[in-house]
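Note: the block below is start28.cif and it holds mmCIF, C-alpha atoms.
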data_input
#
loop_
_atom_site.label_atom_id
_atom_site.label_comp_id
_atom_site.auth_asym_id
_atom_site.auth_seq_id
_atom_site.Cartn_x
_atom_site.Cartn_y
_atom_site.Cartn_z
CA MET A 257 81.77 81.56 139.14
CA ARG A 258 83.63 84.60 140.43
CA THR A 259 86.87 82.65 140.37
CA ARG A 260 86.30 81.68 136.74
CA LYS A 261 85.59 85.30 135.74
CA ALA A 262 88.71 86.52 137.51
CA ALA A 263 90.81 83.91 135.72
CA LEU A 264 89.32 84.89 132.35
CA VAL A 265 90.05 88.57 132.92
CA GLY A 266 93.58 87.74 133.98
CA ALA A 267 94.17 85.70 130.85
CA LEU A 268 92.91 88.54 128.67
CA CYS A 269 95.22 90.98 130.41
CA VAL A 270 98.21 88.75 129.77
CA GLY A 271 97.27 88.17 126.15
CA LEU A 272 96.85 91.87 125.38
CA SER A 273 99.84 93.11 127.34
CA VAL A 274 101.52 94.35 124.15
CA ALA A 275 98.92 97.09 123.71
CA LEU A 276 96.89 99.52 125.76
CA THR A 277 94.20 97.52 127.50
CA ALA A 278 91.54 97.92 130.13
CA CYS A 279 93.97 96.23 132.47
CA GLY A 280 95.91 99.48 132.75
CA GLY A 281 98.86 98.27 130.63
CA GLU A 282 101.06 100.59 128.55
CA ALA A 283 101.99 100.55 124.87
CA GLU A 284 105.03 98.50 123.96
CA ASP A 285 108.27 100.43 123.64
CA PRO A 286 108.63 101.01 119.84
CA ASP A 287 112.41 100.86 120.19
CA ARG A 288 112.49 97.50 121.95
CA GLY A 289 114.62 95.03 120.03
CA THR A 290 116.07 97.71 117.73
CA ASN A 291 119.54 99.19 117.27
CA GLY A 292 118.58 101.99 119.66
CA VAL A 293 118.98 104.98 117.35
CA GLY A 294 115.29 105.81 117.68
CA LYS A 295 115.95 107.12 121.19
CA LEU A 296 118.72 109.50 120.10
CA GLU A 297 118.44 113.19 119.42
CA PRO A 298 117.51 113.85 115.76
CA ALA A 299 120.91 115.31 114.85
CA LYS A 300 122.58 112.18 116.23
CA ILE A 301 120.25 109.95 114.21
CA GLN A 302 121.13 111.85 111.04
CA ASP A 303 124.85 111.67 111.83
CA LYS A 304 124.70 107.90 112.41
CA ALA A 305 122.74 107.36 109.20
CA ARG A 306 125.23 109.36 107.15
CA ALA A 307 128.18 107.55 108.76
CA ALA A 308 126.61 104.14 108.06
CA ALA A 309 125.98 105.14 104.45
CA HIS A 310 129.57 106.33 104.05
CA ASP A 311 131.00 103.10 105.49
CA ALA A 312 128.79 100.77 103.45
CA SER A 313 130.48 99.00 100.55
CA ALA A 314 127.50 99.27 98.17
CA VAL A 315 123.94 100.54 97.78
CA HIS A 316 121.04 100.56 95.32
CA LEU A 317 119.50 104.01 94.92
CA SER A 318 116.24 104.62 93.07
CA GLY A 319 113.71 107.41 92.83
CA SER A 320 113.43 110.95 91.55
CA VAL A 321 115.33 114.22 91.85
CA VAL A 322 113.87 117.58 90.80
CA SER A 323 116.39 120.14 89.55
CA GLN A 324 115.83 123.38 87.62
CA GLY A 325 112.17 122.48 87.09
CA ARG A 326 112.95 119.12 85.54
CA THR A 327 112.40 115.70 87.12
CA TYR A 328 115.11 113.09 86.79
CA LYS A 329 114.51 109.45 87.61
CA LEU A 330 117.55 107.64 88.97
CA ASP A 331 118.19 103.92 89.23
CA MET A 332 121.82 103.47 90.27
CA ARG A 333 123.91 100.74 91.89
CA LEU A 334 126.94 102.23 93.55
CA LYS A 335 130.03 101.03 95.36
CA ARG A 336 133.42 102.40 96.34
CA ASP A 337 135.20 101.84 93.05
CA GLY A 338 132.40 102.59 90.61
CA GLY A 339 128.77 102.33 89.74
CA THR A 340 126.24 101.67 87.04
CA GLY A 341 122.68 102.63 86.26
CA ARG A 342 120.27 104.87 84.43
CA VAL A 343 119.24 108.53 84.60
CA ALA A 344 116.02 109.50 82.79
CA SER A 345 114.07 112.70 82.22
CA ASP A 346 111.25 113.76 79.95
CA ALA A 347 113.92 114.97 77.50
CA SER A 348 116.19 111.94 77.32
CA THR A 349 117.60 108.87 79.00
CA PHE A 350 121.19 107.76 79.41
CA GLU A 351 123.12 105.00 81.13
CA LEU A 352 126.36 105.39 83.05
CA LEU A 353 129.07 102.90 83.88
CA ARG A 354 132.17 103.74 85.88
CA ILE A 355 135.00 101.41 86.80
CA GLY A 356 137.66 103.24 88.75
CA ASP A 357 138.42 106.41 86.78
CA GLU A 358 137.03 105.09 83.51
CA LEU A 359 133.58 106.48 82.80
CA PHE A 360 131.28 105.40 79.97
CA LEU A 361 128.05 106.99 78.76
CA LYS A 362 125.44 105.13 76.71
CA ALA A 363 122.53 107.08 75.22
CA PRO A 364 120.08 107.08 72.31
CA ALA A 365 120.76 109.12 69.19
CA ALA A 366 118.42 111.90 70.34
CA PHE A 367 120.67 112.54 73.30
CA TRP A 368 123.58 113.41 71.01
CA SER A 369 121.81 115.09 68.12
CA ARG A 370 120.08 117.98 69.97
CA GLY A 371 117.40 117.90 67.28
CA ASP A 372 119.89 118.18 64.40
CA LYS A 373 118.38 116.57 61.29
CA GLY A 374 121.48 116.87 59.10
CA ASP A 375 124.94 115.35 59.35
CA GLY A 376 124.82 115.73 63.13
CA ALA A 377 121.81 113.43 63.34
CA ALA A 378 123.55 110.85 61.18
CA ALA A 379 126.65 110.96 63.35
CA ALA A 380 124.50 110.72 66.48
CA GLY A 381 122.83 107.63 65.06
CA LYS A 382 126.19 105.87 64.99
CA LEU A 383 126.56 106.46 68.73
CA GLU A 384 123.30 104.75 69.62
CA LYS A 385 123.87 101.56 71.61
CA LYS A 386 127.56 102.50 71.95
CA TYR A 387 129.47 103.22 75.14
CA VAL A 388 131.08 106.62 74.70
CA LYS A 389 134.11 107.04 76.92
CA VAL A 390 133.91 110.31 78.83
CA PRO A 391 137.36 112.00 78.85
CA SER A 392 138.53 113.02 82.32
CA GLY A 393 139.41 116.47 80.94
CA ASP A 394 135.91 117.14 79.59
CA PRO A 395 133.83 119.60 81.67
CA ALA A 396 131.02 117.04 81.82
CA TYR A 397 133.22 114.35 83.38
CA ALA A 398 132.83 115.49 87.00
CA GLN A 399 129.10 115.99 86.54
CA PHE A 400 128.47 112.56 85.05
CA LYS A 401 130.87 110.90 87.48
CA GLY A 402 128.93 112.39 90.38
CA PHE A 403 126.03 110.08 89.58
CA THR A 404 128.31 107.05 89.98
CA ASP A 405 130.24 108.20 93.06
CA LYS A 406 128.55 106.71 96.12
CA ASN A 407 129.79 109.15 98.73
CA VAL A 408 129.48 112.29 96.58
CA LEU A 409 125.93 111.44 95.56
CA LEU A 410 124.77 110.43 99.04
CA ASP A 411 126.39 113.41 100.76
CA GLY A 412 124.36 115.67 98.51
CA LEU A 413 121.09 113.80 98.94
CA LEU A 414 121.03 112.93 102.64
CA GLY A 415 121.34 116.40 104.13
CA LEU A 416 118.26 117.90 105.81
CA HIS A 417 117.62 121.62 106.17
CA GLY A 418 116.31 123.62 109.09
CA LYS A 419 115.69 122.57 112.67
CA LEU A 420 115.68 118.79 113.05
CA ALA A 421 113.00 116.88 114.90
CA ARG A 422 112.47 113.20 115.61
CA GLY A 423 109.39 111.98 113.76
CA ASP A 424 107.27 108.85 113.81
CA HIS A 425 108.28 105.25 113.85
CA GLY A 426 107.41 103.50 110.61
CA GLU A 427 108.43 100.89 108.08
CA VAL A 428 110.25 100.97 104.75
CA GLY A 429 110.71 97.83 102.69
CA GLY A 430 109.77 95.64 105.63
CA ALA A 431 112.31 97.25 107.98
CA ARG A 432 111.31 99.24 111.05
CA THR A 433 112.39 102.87 110.85
CA ILE A 434 112.57 106.16 112.70
CA ARG A 435 111.98 109.38 110.80
CA VAL A 436 113.91 112.63 111.13
CA ASP A 437 112.24 115.80 109.82
CA GLY A 438 113.92 119.03 108.80
CA ALA A 439 111.96 122.25 109.38
CA GLY A 440 108.76 120.36 110.07
CA GLY A 441 109.17 118.33 106.89
CA SER A 442 109.66 121.22 104.47
CA GLY A 443 113.42 120.81 104.93
CA GLY A 444 113.27 117.16 103.94
CA THR A 445 112.73 113.89 105.79
CA LEU A 446 114.95 110.89 106.38
CA ASP A 447 113.78 107.39 107.33
CA VAL A 448 116.52 105.47 109.16
CA SER A 449 116.60 101.73 109.78
CA LEU A 450 116.08 100.57 113.36
CA MET A 451 117.33 97.10 112.49
CA GLY A 452 121.03 96.34 112.23
CA GLU A 453 123.10 99.20 110.91
CA PRO A 454 121.24 102.55 110.94
CA TYR A 455 121.18 102.88 107.16
CA PRO A 456 119.03 105.58 105.53
CA LEU A 457 116.23 103.80 103.70
CA ARG A 458 114.22 106.69 102.29
CA VAL A 459 114.87 110.38 101.79
CA GLN A 460 112.37 113.02 100.77
CA ARG A 461 114.28 116.08 99.60
CA ALA A 462 113.61 119.57 100.85
CA GLY A 463 111.03 121.61 99.00
CA GLY A 464 109.48 118.59 97.30
CA ALA A 465 112.61 118.09 95.19
CA GLY A 466 112.16 114.36 94.87
CA GLN A 467 112.13 111.14 96.85
CA LEU A 468 114.65 108.31 96.82
CA GLU A 469 114.78 104.86 98.33
CA LEU A 470 118.03 103.18 99.31
CA SER A 471 118.35 99.43 99.56
CA ASP A 472 120.75 96.50 99.19
CA TRP A 473 123.23 98.12 101.55
CA GLY A 474 126.52 96.22 101.47
CA LYS A 475 125.32 93.90 98.69
CA ASP A 476 128.10 93.59 96.13
CA PHE A 477 127.54 93.54 92.39
CA ALA A 478 129.74 93.02 89.34
CA LEU A 479 131.20 95.83 87.25
CA ALA A 480 132.63 94.87 83.87
CA ALA A 481 134.08 97.05 81.12
CA PRO A 482 132.04 96.99 77.89
CA PRO A 483 133.43 95.07 74.89
CA LYS A 484 135.98 97.11 72.95
CA GLN A 485 133.90 96.95 69.77
CA ASP A 486 131.08 98.72 71.61
CA VAL A 487 133.25 101.61 72.88
CA VAL A 488 133.74 104.97 71.16
CA ASP A 489 136.61 107.15 72.38
CA TYR A 490 136.58 110.79 71.25
CA GLY A 491 139.82 111.64 72.99
CA LYS A 492 139.81 114.87 75.00
CA ARG A 493 136.22 116.10 74.49
CA LEU A 494 132.74 114.66 74.18
CA PRO A 495 130.53 115.58 71.25
CA SER A 496 127.65 117.93 72.04
CA THR A 497 124.73 116.42 73.90
CA GLY A 498 121.07 117.20 74.27
CA GLU A 499 121.34 117.37 78.06
CA GLY A 500 124.53 119.29 78.70
CA ALA A 501 124.26 122.02 81.31
CA SER A 502 120.71 121.05 82.25
CA LEU A 503 121.89 118.01 84.18
CA PRO A 504 121.26 118.31 87.91
CA ALA A 505 124.27 118.67 90.15
CA PRO A 506 124.19 115.48 92.29
CA SER A 507 126.10 117.14 95.16
CA LYS A 508 123.42 119.76 95.84
#

In structure tokens, write the structure found in this file.
Amino acid sequence: MRTRKAALVGALCVGLSVALTACGGEAEDPDRGTNGVGKLEPAKIQDKARAAAHDASAVHLSGSVVSQGRTYKLDMRLKRDGGTGRVASDASTFELLRIGDELFLKAPAAFWSRGDKGDGAAAAGKLEKKYVKVPSGDPAYAQFKGFTDKNVLLDGLLGLHGKLARGDHGEVGGARTIRVDGAGGSGGTLDVSLMGEPYPLRVQRAGGAGQLELSDWGKDFALAAPPKQDVVDYGKRLPSTGEGASLPAPSK
């Protein structure tokens, strides 16, 4: 009988060896089988995540950014030579498409009219469902382009503020992660993949200025210029817009 009990206890100890048990075992190493970045100093984890993001050929970015008291929802697919997606706020919504240096903006009439009910509203109505080419010399070009420039946008979003600390292990989109906190979390947090390349998978911006998720790293997608009949080219300057200077600066 004693022999049977001893065998049963031994079997239980073996079966529960992955967790703390009455057999005196220890918790499994949370970094076992990972890419190893979870054991690095927090600054090194951040550096590796930013380097992996920079080297990646493409990414899907979605979430929110708070700027000047206004919340913007972003859903962008970005790669080295361009990007496409949507930026929305409570005031308006617009779509962006960039192929190389050519940048197109598609927005509803309200975006262009700024509440004008006269001839301006009629002209704005003609722009609805059209791709307006953004001239490279227009002041808004760099600002709009920033939303479609992978490295510019990510450099501005991935930085943490304050003293860095290594946080908890977790999971984002089914992938195991390690978290890095800035200033105890008030300076932002960054969840970095522990599987494969150490890509950033989620960023919570400092001061509660939004949260973004990053996925489809390295997954290519097609970029095609809109049909010519759907393009409006104003030459050197864009018409006035309802957003204008209130757009958030993606590099900050």

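Residue nearest Gly339 (chain A) within the list A:Trp473, A:Phe367, A:Tyr490, A:Phe360: A:Phe360 [criterion: smallest interatomic distance, all atoms listed in the file].
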
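Nearest residue to Leu296 (chain A), choosing from A:Gly440, A:Gly423, A:Gly325, A:Gly430 and counting all atoms listed in the file: A:Gly423.
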
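Taking CA of Gln485 (chain A) as the reference point, CA of Thr340 (chain A) is found at 19.5 Å.
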
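By chain and then residue number, the residues within 8 Å of region 298-300 of chain A are A:Leu420, A:Ala421, A:Arg422, A:Val436, counting only C-alpha atoms and disregarding those fewer than 5 positions away in sequence.
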
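Distance annotation: of A:Ala309, A:Glu284, A:Pro482, A:Gly412, the residue with the minimal separation from Ser449 (chain A) is A:Ala309; atom set is all atoms listed in the file.
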
**Report entry** Output check: residues returned by the PyMOL selection byres ((chain A and resi 382-390) around 10), as a ChimeraX atom specification
**Finding:** /A:351-354,357-369,377-381,391-398,400-401,481-495

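The neighbours of Phe403 (chain A) here are the residues that come within 10 Å of it, using all atoms listed in the file and leaving out any residue fewer than 6 positions away in the same chain; they are Leu330, Asp331, Met332, Arg333, Leu334, Gly338, Gly339, Thr340, Gly341, Arg342, Val343, Leu352, Leu353, Arg354, Leu409, Leu410, Pro504, Ala505, Pro506 and Ser507 of chain A.
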
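The shortest atom-to-atom distance to Val315 (chain A), with only C-alpha atoms taken into account, belongs to A:Asp405 out of A:Glu427, A:Asp405, A:Asp447, A:Asp287.
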
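Minimum atom-to-atom distances from A:Ser313, A:Asn291, A:Gln324, A:Gln467 to Leu413 (chain A) were compared using only C-alpha atoms, and the lowest value belongs to A:Gln467.
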